[in-house]
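> Structure supplied as upload-v4.txt; contents: compact mmCIF, C-alpha atoms and all ligand atoms.
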```txt
# COMPACT_ATOMS: atom_id res chain seq x y z
CA MET I 6 0.00 0.00 0.00
CA ILE I 7 1.08 3.51 -0.70
CA ARG I 8 -0.66 6.36 1.06
CA SER I 9 -1.46 9.39 -1.00
CA PRO I 10 -3.78 12.30 -0.36
CA PHE I 11 -5.20 11.83 -3.85
CA SER I 12 -7.12 8.92 -5.33
CA ASN I 13 -5.69 7.12 -8.34
CA GLU I 14 -8.50 8.52 -10.42
CA GLN I 15 -7.68 12.08 -9.33
CA LEU I 16 -4.02 11.57 -10.19
CA LEU I 17 -4.66 9.96 -13.57
CA ASN I 18 -7.17 12.67 -14.51
CA ALA I 19 -4.84 15.43 -13.40
CA VAL I 20 -2.00 13.99 -15.47
CA ALA I 21 -4.25 13.48 -18.50
CA GLY I 22 -5.41 17.07 -18.18
CA GLU I 23 -1.84 18.37 -18.40
CA MET I 24 -0.68 15.95 -21.11
CA GLU I 25 -1.18 18.24 -24.10
CA GLY I 26 0.91 20.91 -22.45
CA ALA I 27 3.62 18.34 -21.71
CA VAL I 28 3.84 17.38 -25.39
CA GLN I 29 4.18 21.05 -26.36
CA LEU I 30 6.86 21.47 -23.72
CA LEU I 31 8.73 18.42 -24.99
CA LYS I 32 8.60 19.70 -28.57
CA GLU I 33 10.07 23.01 -27.48
CA LEU I 34 12.81 21.29 -25.46
CA VAL I 35 13.77 18.98 -28.36
CA SER I 36 13.83 21.88 -30.81
CA ARG I 37 16.49 23.55 -28.65
CA ASN I 38 19.54 21.51 -29.62
CA SER I 39 21.67 21.07 -26.53
CA VAL I 40 24.75 19.13 -27.60
CA VAL I 41 27.75 19.63 -25.34
CA GLY I 42 28.72 23.31 -25.33
CA GLU I 43 25.35 24.50 -26.63
CA GLU I 44 23.12 23.85 -23.66
CA ARG I 45 22.10 27.45 -22.97
CA GLY I 46 18.88 27.70 -25.02
CA ALA I 47 17.43 24.53 -23.54
CA GLN I 48 18.53 25.48 -20.02
CA GLU I 49 16.80 28.87 -20.38
CA PHE I 50 13.60 27.06 -21.27
CA VAL I 51 13.96 24.82 -18.20
CA GLU I 52 14.34 27.98 -16.10
CA GLU I 53 11.01 29.25 -17.47
CA ILE I 54 9.22 25.99 -16.68
CA LEU I 55 10.59 25.79 -13.16
CA ALA I 56 9.65 29.41 -12.47
CA GLU I 57 6.14 28.76 -13.75
CA LEU I 58 5.90 25.80 -11.33
CA GLY I 59 6.69 28.20 -8.48
CA PHE I 60 10.28 27.07 -7.88
CA SER I 61 13.06 29.53 -7.04
CA VAL I 62 15.44 29.26 -9.98
CA GLU I 63 19.18 29.73 -10.02
CA ARG I 64 22.08 28.97 -12.30
CA VAL I 65 24.69 26.66 -10.81
CA LEU I 66 28.04 27.51 -12.33
CA ILE I 67 30.76 24.92 -12.85
CA ALA I 68 34.30 25.94 -11.93
CA GLU I 69 37.06 24.96 -14.35
CA SER I 70 38.76 23.42 -11.31
CA ILE I 71 36.18 20.62 -11.34
CA ALA I 72 38.57 18.94 -13.80
CA GLN I 73 41.00 18.39 -10.90
CA ASP I 74 38.41 16.53 -8.83
CA SER I 75 39.38 12.87 -8.51
CA LEU I 76 35.85 11.86 -9.55
CA ALA I 77 35.59 14.19 -12.54
CA GLY I 78 35.61 13.24 -16.18
CA VAL I 79 38.11 14.96 -18.46
CA PRO I 80 36.38 18.02 -19.94
CA SER I 81 36.83 18.84 -23.60
CA LEU I 82 35.38 22.35 -23.36
CA SER I 83 35.59 25.31 -21.01
CA TYR I 84 32.70 25.81 -18.56
CA GLU I 85 32.63 29.52 -19.33
CA GLY I 86 29.01 30.57 -19.90
CA ARG I 87 27.66 27.05 -19.28
CA PHE I 88 25.63 26.10 -16.23
CA ASN I 89 23.29 23.71 -14.46
CA VAL I 90 19.84 25.00 -13.59
CA LEU I 91 18.43 24.44 -10.12
CA GLY I 92 14.84 24.93 -9.04
CA THR I 93 14.17 24.78 -5.31
CA THR I 94 11.30 25.09 -2.88
CA PRO I 95 11.75 26.07 0.77
CA ARG I 96 12.89 23.43 3.24
CA ASP I 97 10.99 22.93 6.48
CA GLY I 98 13.23 20.26 7.99
CA GLY I 99 11.26 17.37 6.48
CA PRO I 100 12.66 14.74 4.10
CA THR I 101 13.89 16.20 0.81
CA LEU I 102 13.58 14.92 -2.73
CA LEU I 103 15.67 15.89 -5.75
CA LEU I 104 14.77 15.24 -9.38
CA ASN I 105 17.89 15.24 -11.58
CA GLY I 106 17.81 15.35 -15.38
CA HIS I 107 20.54 15.96 -17.95
CA ILE I 108 19.82 18.54 -20.62
CA ASP I 109 22.70 17.54 -22.92
CA VAL I 110 22.05 15.40 -25.97
CA VAL I 111 24.49 13.53 -28.22
CA PRO I 112 25.38 14.79 -31.71
CA VAL I 113 23.38 13.82 -34.78
CA ASN I 114 24.26 12.22 -38.08
CA ARG I 115 21.32 13.24 -40.24
CA VAL I 116 21.84 10.73 -43.07
CA THR I 117 19.37 8.15 -41.84
CA TRP I 118 16.90 10.43 -40.06
CA SER I 119 13.55 10.56 -41.81
CA THR I 120 12.69 13.88 -40.14
CA ASP I 121 14.67 16.91 -38.97
CA PRO I 122 16.00 15.82 -35.55
CA PHE I 123 15.36 19.30 -34.13
CA SER I 124 11.86 19.78 -35.60
CA PRO I 125 10.03 17.22 -33.49
CA VAL I 126 7.04 15.42 -34.96
CA VAL I 127 4.47 13.09 -33.39
CA ARG I 128 3.55 9.97 -35.31
CA ASP I 129 1.49 7.03 -33.99
CA GLY I 130 1.92 8.14 -30.39
CA TRP I 131 5.70 8.57 -30.61
CA LEU I 132 7.53 11.89 -30.59
CA TYR I 133 10.64 11.91 -32.79
CA GLY I 134 13.72 14.07 -32.36
CA ARG I 135 17.22 14.10 -30.90
CA GLY I 136 16.91 13.94 -27.15
CA ALA I 137 13.21 12.98 -27.28
CA GLY I 138 14.26 9.74 -25.59
CA ASP I 139 17.51 10.60 -23.84
CA MET I 140 16.31 12.41 -21.92
CA LYS I 141 14.03 15.32 -22.68
CA GLY I 142 11.09 12.90 -22.57
CA GLY I 143 12.07 12.39 -18.92
CA PHE I 144 11.98 16.15 -18.32
CA ALA I 145 8.49 16.18 -19.86
CA MET I 146 7.47 13.28 -17.59
CA ALA I 147 8.77 15.00 -14.45
CA PHE I 148 7.28 18.39 -15.33
CA LEU I 149 3.98 16.68 -16.17
CA ALA I 150 3.95 15.02 -12.74
CA LEU I 151 4.69 18.34 -11.02
CA ARG I 152 2.06 20.26 -13.01
CA ALA I 153 -0.55 17.58 -12.30
CA LEU I 154 0.20 17.72 -8.57
CA ARG I 155 0.06 21.51 -8.62
CA SER I 156 -3.36 21.35 -10.28
CA LEU I 157 -4.61 19.07 -7.46
CA ASP I 158 -2.98 20.95 -4.58
CA PRO I 159 -0.12 23.44 -4.97
CA GLY I 160 0.85 22.62 -1.37
CA VAL I 161 2.20 19.23 -2.42
CA ILE I 162 5.08 20.68 -4.43
CA ASP I 163 5.85 23.82 -2.45
CA LYS I 164 8.47 22.47 -0.05
CA ASN I 165 11.48 20.13 0.31
CA LEU I 166 11.48 19.48 -3.42
CA SER I 167 14.09 20.46 -6.00
CA PHE I 168 14.80 19.91 -9.68
CA LEU I 169 18.29 20.00 -11.13
CA SER I 170 18.98 20.18 -14.87
CA VAL I 171 22.62 19.34 -15.46
CA ILE I 172 25.04 19.45 -18.37
CA GLU I 173 27.65 16.91 -19.46
CA GLU I 174 25.97 13.69 -18.34
CA GLU I 175 26.75 12.23 -21.75
CA CYS I 176 30.52 12.80 -21.59
CA THR I 177 31.86 13.45 -18.07
CA GLY I 178 29.25 13.67 -15.32
CA ASN I 179 30.88 16.92 -14.23
CA GLY I 180 27.59 18.84 -14.14
CA THR I 181 26.16 16.65 -11.41
CA LEU I 182 29.53 16.30 -9.67
CA ALA I 183 29.90 20.10 -9.50
CA SER I 184 26.41 20.42 -8.03
CA ILE I 185 27.21 17.85 -5.34
CA ARG I 186 30.45 19.64 -4.49
CA GLN I 187 28.32 22.77 -3.98
CA GLY I 188 26.07 20.95 -1.54
CA ILE I 189 23.08 20.40 -3.79
CA VAL I 190 21.84 17.15 -2.31
CA ALA I 191 18.67 15.61 -0.89
CA ASP I 192 17.61 12.55 1.04
CA VAL I 193 16.42 10.79 -2.12
CA VAL I 194 17.13 11.34 -5.82
CA VAL I 195 15.06 10.25 -8.82
CA LEU I 196 16.48 10.64 -12.34
CA PRO I 197 13.77 10.41 -15.02
CA GLU I 198 16.15 8.82 -17.55
CA PRO I 199 14.57 6.66 -20.27
CA THR I 200 14.14 3.23 -18.67
CA ASP I 201 11.13 1.85 -20.55
CA LEU I 202 9.14 2.27 -17.31
CA ARG I 203 11.57 -0.09 -15.59
CA ILE I 204 13.67 0.81 -12.57
CA LEU I 205 17.35 1.23 -13.43
CA LEU I 206 19.50 0.45 -10.41
CA GLY I 207 23.06 0.43 -11.64
CA GLY I 208 25.69 0.82 -14.30
CA ILE I 209 29.25 -0.22 -15.10
CA PRO I 210 32.53 1.72 -15.00
CA ILE I 211 33.15 3.60 -18.25
CA THR I 212 36.41 5.05 -19.57
CA TRP I 213 36.82 7.09 -22.75
CA VAL I 214 40.15 6.75 -24.55
CA LYS I 215 41.51 8.81 -27.43
CA VAL I 216 44.23 7.35 -29.66
CA SER I 217 46.21 9.24 -32.26
CA VAL I 218 49.02 7.84 -34.39
CA GLY I 219 51.13 9.93 -36.77
CA PHE I 220 52.26 8.24 -40.00
CA GLY I 221 53.72 10.93 -42.24
CA GLY I 222 51.60 9.91 -45.20
CA GLY I 223 52.60 10.21 -48.85
CA HIS I 224 51.49 9.89 -52.46
CA ALA I 225 49.02 7.14 -53.35
CA GLU I 226 51.50 5.85 -55.92
CA SER I 227 53.69 4.65 -53.04
CA SER I 228 50.87 3.36 -50.82
CA ASP I 229 51.91 -0.26 -51.43
CA ARG I 230 55.28 0.56 -49.76
CA LEU I 231 53.99 2.79 -46.92
CA ALA I 232 52.22 1.82 -43.73
CA SER I 233 48.48 2.06 -44.32
CA PRO I 234 46.78 3.82 -41.39
CA ALA I 235 43.43 2.34 -42.40
CA ASP I 236 44.81 -1.20 -42.23
CA VAL I 237 46.44 -0.39 -38.89
CA ALA I 238 43.04 0.82 -37.64
CA GLY I 239 41.50 -2.50 -38.65
CA ARG I 240 44.16 -4.46 -36.77
CA ILE I 241 43.80 -2.27 -33.66
CA ILE I 242 40.04 -2.77 -33.66
CA ALA I 243 40.44 -6.55 -34.07
CA ASP I 244 42.74 -6.62 -31.03
CA LEU I 245 40.33 -4.41 -29.08
CA ARG I 246 37.63 -7.01 -29.75
CA ARG I 247 39.87 -9.70 -28.21
CA PHE I 248 40.41 -7.43 -25.17
CA GLU I 249 36.64 -6.93 -24.99
CA SER I 250 36.10 -10.72 -24.92
CA ARG I 251 38.53 -10.99 -22.01
CA LEU I 252 36.69 -8.23 -20.14
CA ASN I 253 33.40 -10.08 -20.56
CA ALA I 254 34.76 -13.51 -19.55
CA SER I 255 33.31 -13.32 -16.03
CA PRO I 256 31.35 -10.14 -15.32
CA ASN I 257 31.02 -8.93 -11.74
CA PRO I 258 27.67 -9.11 -9.98
CA PRO I 259 25.18 -7.54 -10.44
CA PHE I 260 26.29 -7.09 -14.07
CA ASP I 261 26.52 -10.85 -14.61
CA THR I 262 22.79 -10.63 -15.33
CA ILE I 263 23.74 -8.95 -18.63
CA THR I 264 25.01 -11.14 -21.49
CA HIS I 265 27.79 -8.77 -22.61
CA PRO I 266 28.02 -5.87 -20.16
CA TYR I 267 31.42 -4.45 -21.07
CA ASN I 268 31.28 -3.04 -24.59
CA ILE I 269 34.19 -1.31 -26.30
CA ASN I 270 32.53 1.12 -28.66
CA VAL I 271 34.64 2.54 -31.48
CA GLY I 272 32.80 5.85 -31.65
CA VAL I 273 35.12 7.92 -33.84
CA VAL I 274 37.60 6.83 -36.53
CA HIS I 275 39.33 9.58 -38.42
CA LEU I 276 41.77 9.02 -41.26
CA GLY I 277 43.02 11.16 -44.12
CA GLU I 278 41.70 14.06 -46.16
CA TRP I 279 42.38 13.09 -49.76
CA ALA I 280 41.76 10.02 -51.98
CA SER I 281 45.23 10.20 -53.55
CA SER I 282 47.14 10.70 -50.30
CA VAL I 283 48.14 8.09 -47.76
CA PRO I 284 46.69 9.46 -44.50
CA GLY I 285 49.18 11.16 -42.21
CA GLU I 286 47.32 10.38 -39.02
CA LEU I 287 44.88 7.90 -37.50
CA LYS I 288 42.55 9.02 -34.72
CA LEU I 289 40.27 6.77 -32.70
CA GLU I 290 37.86 7.63 -29.91
CA LEU I 291 36.80 4.69 -27.79
CA ARG I 292 34.30 4.15 -25.02
CA VAL I 293 35.39 1.22 -22.89
CA GLY I 294 33.00 -0.39 -20.42
CA HIS I 295 34.90 -2.50 -17.91
CA PRO I 296 34.81 -4.30 -14.56
CA SER I 297 35.48 -2.22 -11.45
CA GLU I 298 38.74 -3.99 -10.55
CA ILE I 299 40.28 -2.53 -13.70
CA SER I 300 41.00 1.18 -13.27
CA ASP I 301 40.70 3.94 -15.87
CA ASP I 302 44.49 4.11 -15.98
CA ASP I 303 44.70 0.33 -16.53
CA ILE I 304 42.36 0.68 -19.51
CA ILE I 305 44.48 3.46 -21.01
CA THR I 306 47.64 1.37 -20.47
CA GLU I 307 46.04 -1.69 -22.08
CA VAL I 308 44.83 0.25 -25.14
CA SER I 309 48.26 1.82 -25.40
CA SER I 310 49.97 -1.57 -25.37
CA ILE I 311 47.55 -2.99 -27.99
CA VAL I 312 48.34 -0.08 -30.31
CA SER I 313 52.11 -0.10 -29.78
CA LYS I 314 52.29 -3.86 -30.36
CA ILE I 315 50.62 -3.38 -33.74
CA LEU I 316 52.99 -0.53 -34.54
CA GLY I 317 55.95 -2.85 -33.95
CA GLY I 318 56.56 -2.43 -30.26
CA ALA I 319 58.25 0.95 -30.42
CA GLY I 320 55.04 2.90 -30.04
CA GLY I 321 55.84 5.03 -33.09
CA PRO I 322 56.84 8.65 -33.03
CA GLY I 323 53.41 10.19 -33.11
CA LEU I 324 51.58 7.78 -30.80
CA LYS I 325 49.38 9.36 -28.16
CA VAL I 326 46.88 7.45 -26.01
CA GLN I 327 45.00 9.46 -23.43
CA GLY I 328 41.86 9.52 -21.37
CA HIS I 329 39.18 12.05 -22.20
CA GLY I 330 35.55 12.35 -21.14
CA PHE I 331 34.27 9.61 -18.88
CA ARG I 332 36.19 8.16 -15.97
CA ALA I 333 33.01 6.80 -14.43
CA GLU I 334 32.81 4.45 -11.49
CA GLY I 335 30.39 1.55 -11.50
CA TYR I 336 27.45 1.78 -9.12
CA SER I 337 24.33 -0.05 -8.02
CA LEU I 338 21.46 0.46 -5.64
CA PRO I 339 20.18 -2.71 -3.95
CA SER I 340 16.76 -3.73 -5.28
CA SER I 341 15.65 -4.03 -1.64
CA ASP I 342 16.04 -0.26 -1.11
CA ARG I 343 12.89 1.47 0.14
CA LEU I 344 13.03 3.90 -2.78
CA VAL I 345 12.74 0.99 -5.24
CA LYS I 346 9.81 -0.43 -3.29
CA ALA I 347 8.11 2.97 -3.12
CA ILE I 348 8.32 3.69 -6.87
CA GLY I 349 7.31 0.09 -7.57
CA ALA I 350 4.29 0.34 -5.27
CA ALA I 351 3.18 3.64 -6.80
CA HIS I 352 3.41 2.19 -10.30
CA HIS I 353 1.67 -1.03 -9.31
CA SER I 354 -1.28 0.70 -7.69
CA LEU I 355 -1.87 2.85 -10.78
CA HIS I 356 -0.99 0.53 -13.64
CA GLY I 357 -1.27 -2.99 -12.22
CA ASN I 358 2.32 -4.17 -12.54
CA VAL I 359 5.46 -3.77 -10.45
CA PRO I 360 8.21 -2.43 -12.76
CA VAL I 361 11.13 -4.73 -13.47
CA SER I 362 14.38 -3.63 -11.78
CA GLU I 363 17.60 -3.97 -13.76
CA VAL I 364 21.18 -2.86 -14.25
CA LEU I 365 22.73 -1.97 -17.61
CA GLY I 366 26.11 -1.86 -19.34
CA SER I 367 26.09 1.95 -19.31
CA THR I 368 26.21 4.72 -16.73
CA THR I 369 24.12 7.57 -15.33
CA ASP I 370 24.75 10.41 -12.90
CA ALA I 371 23.02 8.33 -10.20
CA ARG I 372 26.49 6.92 -9.48
CA TYR I 373 27.59 10.04 -7.61
CA TYR I 374 24.62 10.03 -5.25
CA ILE I 375 24.95 6.31 -4.48
CA ASN I 376 28.75 6.04 -4.32
CA GLN I 377 29.87 9.36 -2.91
CA LEU I 378 26.90 10.35 -0.75
CA GLY I 379 25.23 7.05 0.12
CA ILE I 380 21.89 8.51 -0.97
CA PRO I 381 19.32 6.26 -2.63
CA ALA I 382 19.06 7.23 -6.30
CA LEU I 383 17.44 5.46 -9.22
CA CYS I 384 16.37 6.08 -12.78
CA PHE I 385 12.75 5.70 -13.82
CA GLY I 386 11.41 7.09 -17.08
CA PRO I 387 9.61 6.64 -20.37
CA ILE I 388 9.72 4.01 -23.10
CA VAL I 389 12.07 5.04 -25.91
CA ARG I 390 13.40 3.79 -29.22
CA ASN I 391 16.84 4.22 -30.68
CA MET I 392 18.36 6.71 -28.26
CA HIS I 393 21.69 8.11 -29.51
CA GLY I 394 20.69 6.79 -32.97
CA SER I 395 18.60 8.08 -35.85
CA ASN I 396 14.84 8.54 -35.51
CA GLU I 397 15.19 8.56 -31.72
CA SER I 398 11.71 8.67 -30.25
CA VAL I 399 9.70 8.48 -27.06
CA ASP I 400 6.36 6.81 -26.43
CA LEU I 401 4.03 9.60 -25.28
CA ARG I 402 1.69 7.21 -23.48
CA SER I 403 4.63 6.05 -21.35
CA ILE I 404 5.36 9.67 -20.40
CA GLU I 405 1.78 9.93 -19.15
CA MET I 406 1.99 6.62 -17.25
CA GLY I 407 5.40 7.42 -15.76
CA ALA I 408 4.24 10.90 -14.74
CA ALA I 409 1.29 9.43 -12.85
CA THR I 410 3.65 7.04 -11.05
CA LEU I 411 6.06 9.84 -10.21
CA ALA I 412 3.22 12.11 -9.07
CA LYS I 413 1.88 9.40 -6.78
CA PHE I 414 5.34 8.77 -5.37
CA ILE I 415 6.00 12.48 -4.79
CA ALA I 416 2.64 12.99 -3.10
CA ALA I 417 3.20 9.98 -0.83
CA TYR I 418 6.75 11.10 -0.05
CA GLN I 419 5.69 14.65 0.73
CA PHE I 420 2.65 13.79 2.81
CA GLY I 421 3.99 10.62 4.39
CA GLY I 422 7.20 12.17 5.73
CA GLY I 423 9.64 10.60 3.28
CA LEU I 424 10.37 6.99 2.43
CA ARG I 425 9.64 5.73 5.94
CA GLY I 426 6.03 6.82 5.55
CA ILE I 427 5.58 4.75 2.42
CA GLU I 428 4.65 1.15 3.13
CA ASP I 429 6.05 -1.68 1.07
CA ALA I 430 4.12 -3.02 -1.91
ZN ZN D 1 20.59 9.84 -20.49
```
Would you write the structure of this file as structure tokens?


Amino acid sequence: MIRSPFSNEQLLNAVAGEMEGAVQLLKELVSRNSVVGEERGAQEFVEEILAELGFSVERVLIAESIAQDSLAGVPSLSYEGRFNVLGTTPRDGGPTLLLNGHIDVVPVNRVTWSTDPFSPVVRDGWLYGRGAGDMKGGFAMAFLALRALRSLDPGVIDKNLSFLSVIEEECTGNGTLASIRQGIVADVVVLPEPTDLRILLGGIPITWVKVSVGFGGGHAESSDRLASPADVAGRIIADLRRFESRLNASPNPPFDTITHPYNINVGVVHLGEWASSVPGELKLELRVGHPSEISDDDIITEVSSIVSKILGGAGGPGLKVQGHGFRAEGYSLPSSDRLVKAIGAAHHSLHGNVPVSEVLGSTTDARYYINQLGIPALCFGPIVRNMHGSNESVDLRSIEMGAATLAKFIAAYQFGGGLRGIEDA
């Protein structure tokens, strides 16, 4: 049982009543492209929404010195002019709840998109656009829940509640880390990441590695006598696949529930500039998922040794292997945590099923709350298709369902005095 001051019917009706506005809001958010470095327009829109909900809104700046934090990712851009957005309500000493979403989206390759990724369209109940799934659909879900609660009783969202919209979840985690270092915390954190209405409890360690090898290049006429950077790339990738198999030989719990948790993704391959020139340089950008007993530095060393072996042991004059972006720790929240039970009970009472709990071979900013602060944090959000890919989309019905669940949870949390007031399912 989950106690709530509102009946299920009241909650579902309130959410349904605000749904059209949530779709409009999501369209506006998606249309504001917020790839790393260009988050401002979308963050300004989040500020407007939070202000309209009655939250006090402030910009949370990120100091360049965050890069020196032992838990930071390696930034690729300055934080000048870039910021998290925080909406708060007054605290009265009762249990606090933080909703955390990331505003950044990953870049687009338009070739296989059937629509403009930044001109969102709705088709058959799905909204298409970059970030519709990961994770602006989650922002829409959370704002829908808050608006529905406000329409029932503004008193339910006017205290002990905050919403944080962070940058750089997709590359470093430094947005959330900076906010934590500035004391922006709560007793419980919910991240409305796209989880297909499941409860996401954990993720693996992730390290990004950048490789560049200089070759000198030359005329195509002599390419049979020169080292071919493209062929070298192929051999490096083949050896990386062997390394990947070793990583996946015996995954650590709880990630042993996943068939192949530790993926090495070759995200960027860059070779030459001209058909009749042998390329002068090979660049690779890798995302390596790995077990927690292997450190980020170990991963960089291993990639470095794979590449230098292929180059003949010497390493080559222009060889550079370095970490960039993610240096993320693995994390997991026990499925027995009261927060998991509470979200599960809220969902069950409204929709008839307890959401499946799972871990994935990826990461989220929940890791900082769980690992560094010991705060229960989980991801719960809409059903999506093809996030990070083309024709990314979110199921609008799942936004409505997830919002009702979140609204019921928030109401029970606020009125019941936190997690302790919410009985198990
Ligand atoms: Zn995400």

> Looking at all atoms listed in the file, which of I:Asp236, I:Asp97, I:Asp129, I:Glu198 is the one that sits closest to Leu166 (chain I)?

I:Asp97

> What's the 10 Å shell around Ser81 (chain I), counting all atoms listed in the file, without same-chain residues fewer than 5 positions away, as a short mmCIF file (atom, residue, chain, number, x, y, z; two decimals) with C-alpha atoms, in the frame of the given file?


```cif
data_model
loop_
_atom_site.label_atom_id
_atom_site.label_comp_id
_atom_site.auth_asym_id
_atom_site.auth_seq_id
_atom_site.Cartn_x
_atom_site.Cartn_y
_atom_site.Cartn_z
CA VAL I 41 27.75 19.63 -25.34
CA GLY I 42 28.72 23.31 -25.33
CA ALA I 72 38.57 18.94 -13.80
CA CYS I 176 30.52 12.80 -21.59
CA THR I 177 31.86 13.45 -18.07
CA HIS I 329 39.18 12.05 -22.20
CA GLY I 330 35.55 12.35 -21.14
#
```

> Using only C-alpha atoms and all ligand atoms, what are the residues with an atom within 12 Å of ligand ZN 1 (chain D), set out as an mmCIF file with C-alpha atoms, in the coordinates of the input?


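And here's pocket-v2.cif as it stands now:
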```
data_model
loop_
_atom_site.group_PDB
_atom_site.id
_atom_site.type_symbol
_atom_site.label_atom_id
_atom_site.label_comp_id
_atom_site.auth_asym_id
_atom_site.auth_seq_id
_atom_site.Cartn_x
_atom_site.Cartn_y
_atom_site.Cartn_z
ATOM 1 C CA ASN I 105 17.890 15.240 -11.580
ATOM 2 C CA GLY I 106 17.810 15.350 -15.380
ATOM 3 C CA HIS I 107 20.540 15.960 -17.950
ATOM 4 C CA ILE I 108 19.820 18.540 -20.620
ATOM 5 C CA ASP I 109 22.700 17.540 -22.920
ATOM 6 C CA VAL I 110 22.050 15.400 -25.970
ATOM 7 C CA VAL I 111 24.490 13.530 -28.220
ATOM 8 C CA ARG I 135 17.220 14.100 -30.900
ATOM 9 C CA GLY I 136 16.910 13.940 -27.150
ATOM 10 C CA ALA I 137 13.210 12.980 -27.280
ATOM 11 C CA GLY I 138 14.260 9.740 -25.590
ATOM 12 C CA ASP I 139 17.510 10.600 -23.840
ATOM 13 C CA MET I 140 16.310 12.410 -21.920
ATOM 14 C CA LYS I 141 14.030 15.320 -22.680
ATOM 15 C CA GLY I 142 11.090 12.900 -22.570
ATOM 16 C CA GLY I 143 12.070 12.390 -18.920
ATOM 17 C CA PHE I 144 11.980 16.150 -18.320
ATOM 18 C CA SER I 170 18.980 20.180 -14.870
ATOM 19 C CA VAL I 171 22.620 19.340 -15.460
ATOM 20 C CA ILE I 172 25.040 19.450 -18.370
ATOM 21 C CA GLU I 173 27.650 16.910 -19.460
ATOM 22 C CA GLU I 174 25.970 13.690 -18.340
ATOM 23 C CA GLU I 175 26.750 12.230 -21.750
ATOM 24 C CA CYS I 176 30.520 12.800 -21.590
ATOM 25 C CA GLY I 178 29.250 13.670 -15.320
ATOM 26 C CA LEU I 196 16.480 10.640 -12.340
ATOM 27 C CA PRO I 197 13.770 10.410 -15.020
ATOM 28 C CA GLU I 198 16.150 8.820 -17.550
ATOM 29 C CA PRO I 199 14.570 6.660 -20.270
ATOM 30 C CA THR I 200 14.140 3.230 -18.670
ATOM 31 C CA LEU I 205 17.350 1.230 -13.430
ATOM 32 C CA SER I 367 26.090 1.950 -19.310
ATOM 33 C CA THR I 368 26.210 4.720 -16.730
ATOM 34 C CA THR I 369 24.120 7.570 -15.330
ATOM 35 C CA ASP I 370 24.750 10.410 -12.900
ATOM 36 C CA ALA I 371 23.020 8.330 -10.200
ATOM 37 C CA CYS I 384 16.370 6.080 -12.780
ATOM 38 C CA PHE I 385 12.750 5.700 -13.820
ATOM 39 C CA GLY I 386 11.410 7.090 -17.080
ATOM 40 C CA PRO I 387 9.610 6.640 -20.370
ATOM 41 C CA VAL I 389 12.070 5.040 -25.910
ATOM 42 C CA MET I 392 18.360 6.710 -28.260
ATOM 43 C CA HIS I 393 21.690 8.110 -29.510
#
```

> Record the distance separating CA of Gly180 (chain I) and CA of Ser398 (chain I), expressed in Å with one decimal.

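Computing it gives 24.8 Å between the two atoms.
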
> Nearest to Asn13 (chain I): which of I:Phe260, I:Phe414, I:Trp213, I:Phe420 is it, counting only C-alpha atoms?

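Looking at the shortest contact to Asn13 (chain I), the residue is I:Phe414.
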
> Could you check how far CA of Met146 (chain I) sits from CA of Phe60 (chain I), in Å to one decimal?

17.1 Å

> Can I get the residues of region 181-281 of chain I within 7 Å of region 290-306 of chain I, each with the closest pair of atoms and their distance in Å to one decimal, using only C-alpha atoms, sorted chain first then ascending number, as a Markdown table?


```
| residue | atom | partner | partner_atom | distance |
| --- | --- | --- | --- | --- |
| I:Ile209 | CA | I:Gly294 | CA | 6.5 |
| I:Pro210 | CA | I:His295 | CA | 5.6 |
| I:Ile211 | CA | I:Gly294 | CA | 4.5 |
| I:Thr212 | CA | I:Val293 | CA | 5.2 |
| I:Trp213 | CA | I:Arg292 | CA | 4.5 |
| I:Val214 | CA | I:Leu291 | CA | 5.1 |
| I:Lys215 | CA | I:Glu290 | CA | 4.6 |
| I:Val216 | CA | I:Glu290 | CA | 6.4 |
| I:Leu252 | CA | I:His295 | CA | 6.4 |
| I:Pro256 | CA | I:Pro296 | CA | 6.8 |
| I:Asn257 | CA | I:Pro296 | CA | 6.6 |
| I:Tyr267 | CA | I:Gly294 | CA | 4.4 |
| I:Asn268 | CA | I:Gly294 | CA | 5.2 |
| I:Ile269 | CA | I:Val293 | CA | 4.4 |
| I:Asn270 | CA | I:Arg292 | CA | 5.1 |
| I:Val271 | CA | I:Leu291 | CA | 4.8 |
| I:Gly272 | CA | I:Glu290 | CA | 5.6 |
| I:Val273 | CA | I:Glu290 | CA | 4.8 |
| I:Val274 | CA | I:Glu290 | CA | 6.7 |
```

> Pick out the closest residue to Ala254 (chain I) from this set: I:Gly130, I:Gly26, I:Gly78, I:Pro266. Count all atoms listed in the file.

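Under the stated criterion, the closest residue is I:Pro266.
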
> Of the residues I:Glu49, I:Asp74, I:Glu44, I:Glu33, which is the one nearest to Ser124 (chain I), using all atoms listed in the file?

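Of I:Glu49, I:Asp74, I:Glu44, I:Glu33, the one nearest Ser124 (chain I), counting all atoms listed in the file, is I:Glu33.
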
> Select, from I:Gly208, I:Ile67, I:Ala191, I:Leu287, the residue with the minimum atom-to-atom distance to Leu82 (chain I), counting only C-alpha atoms.

I:Ile67
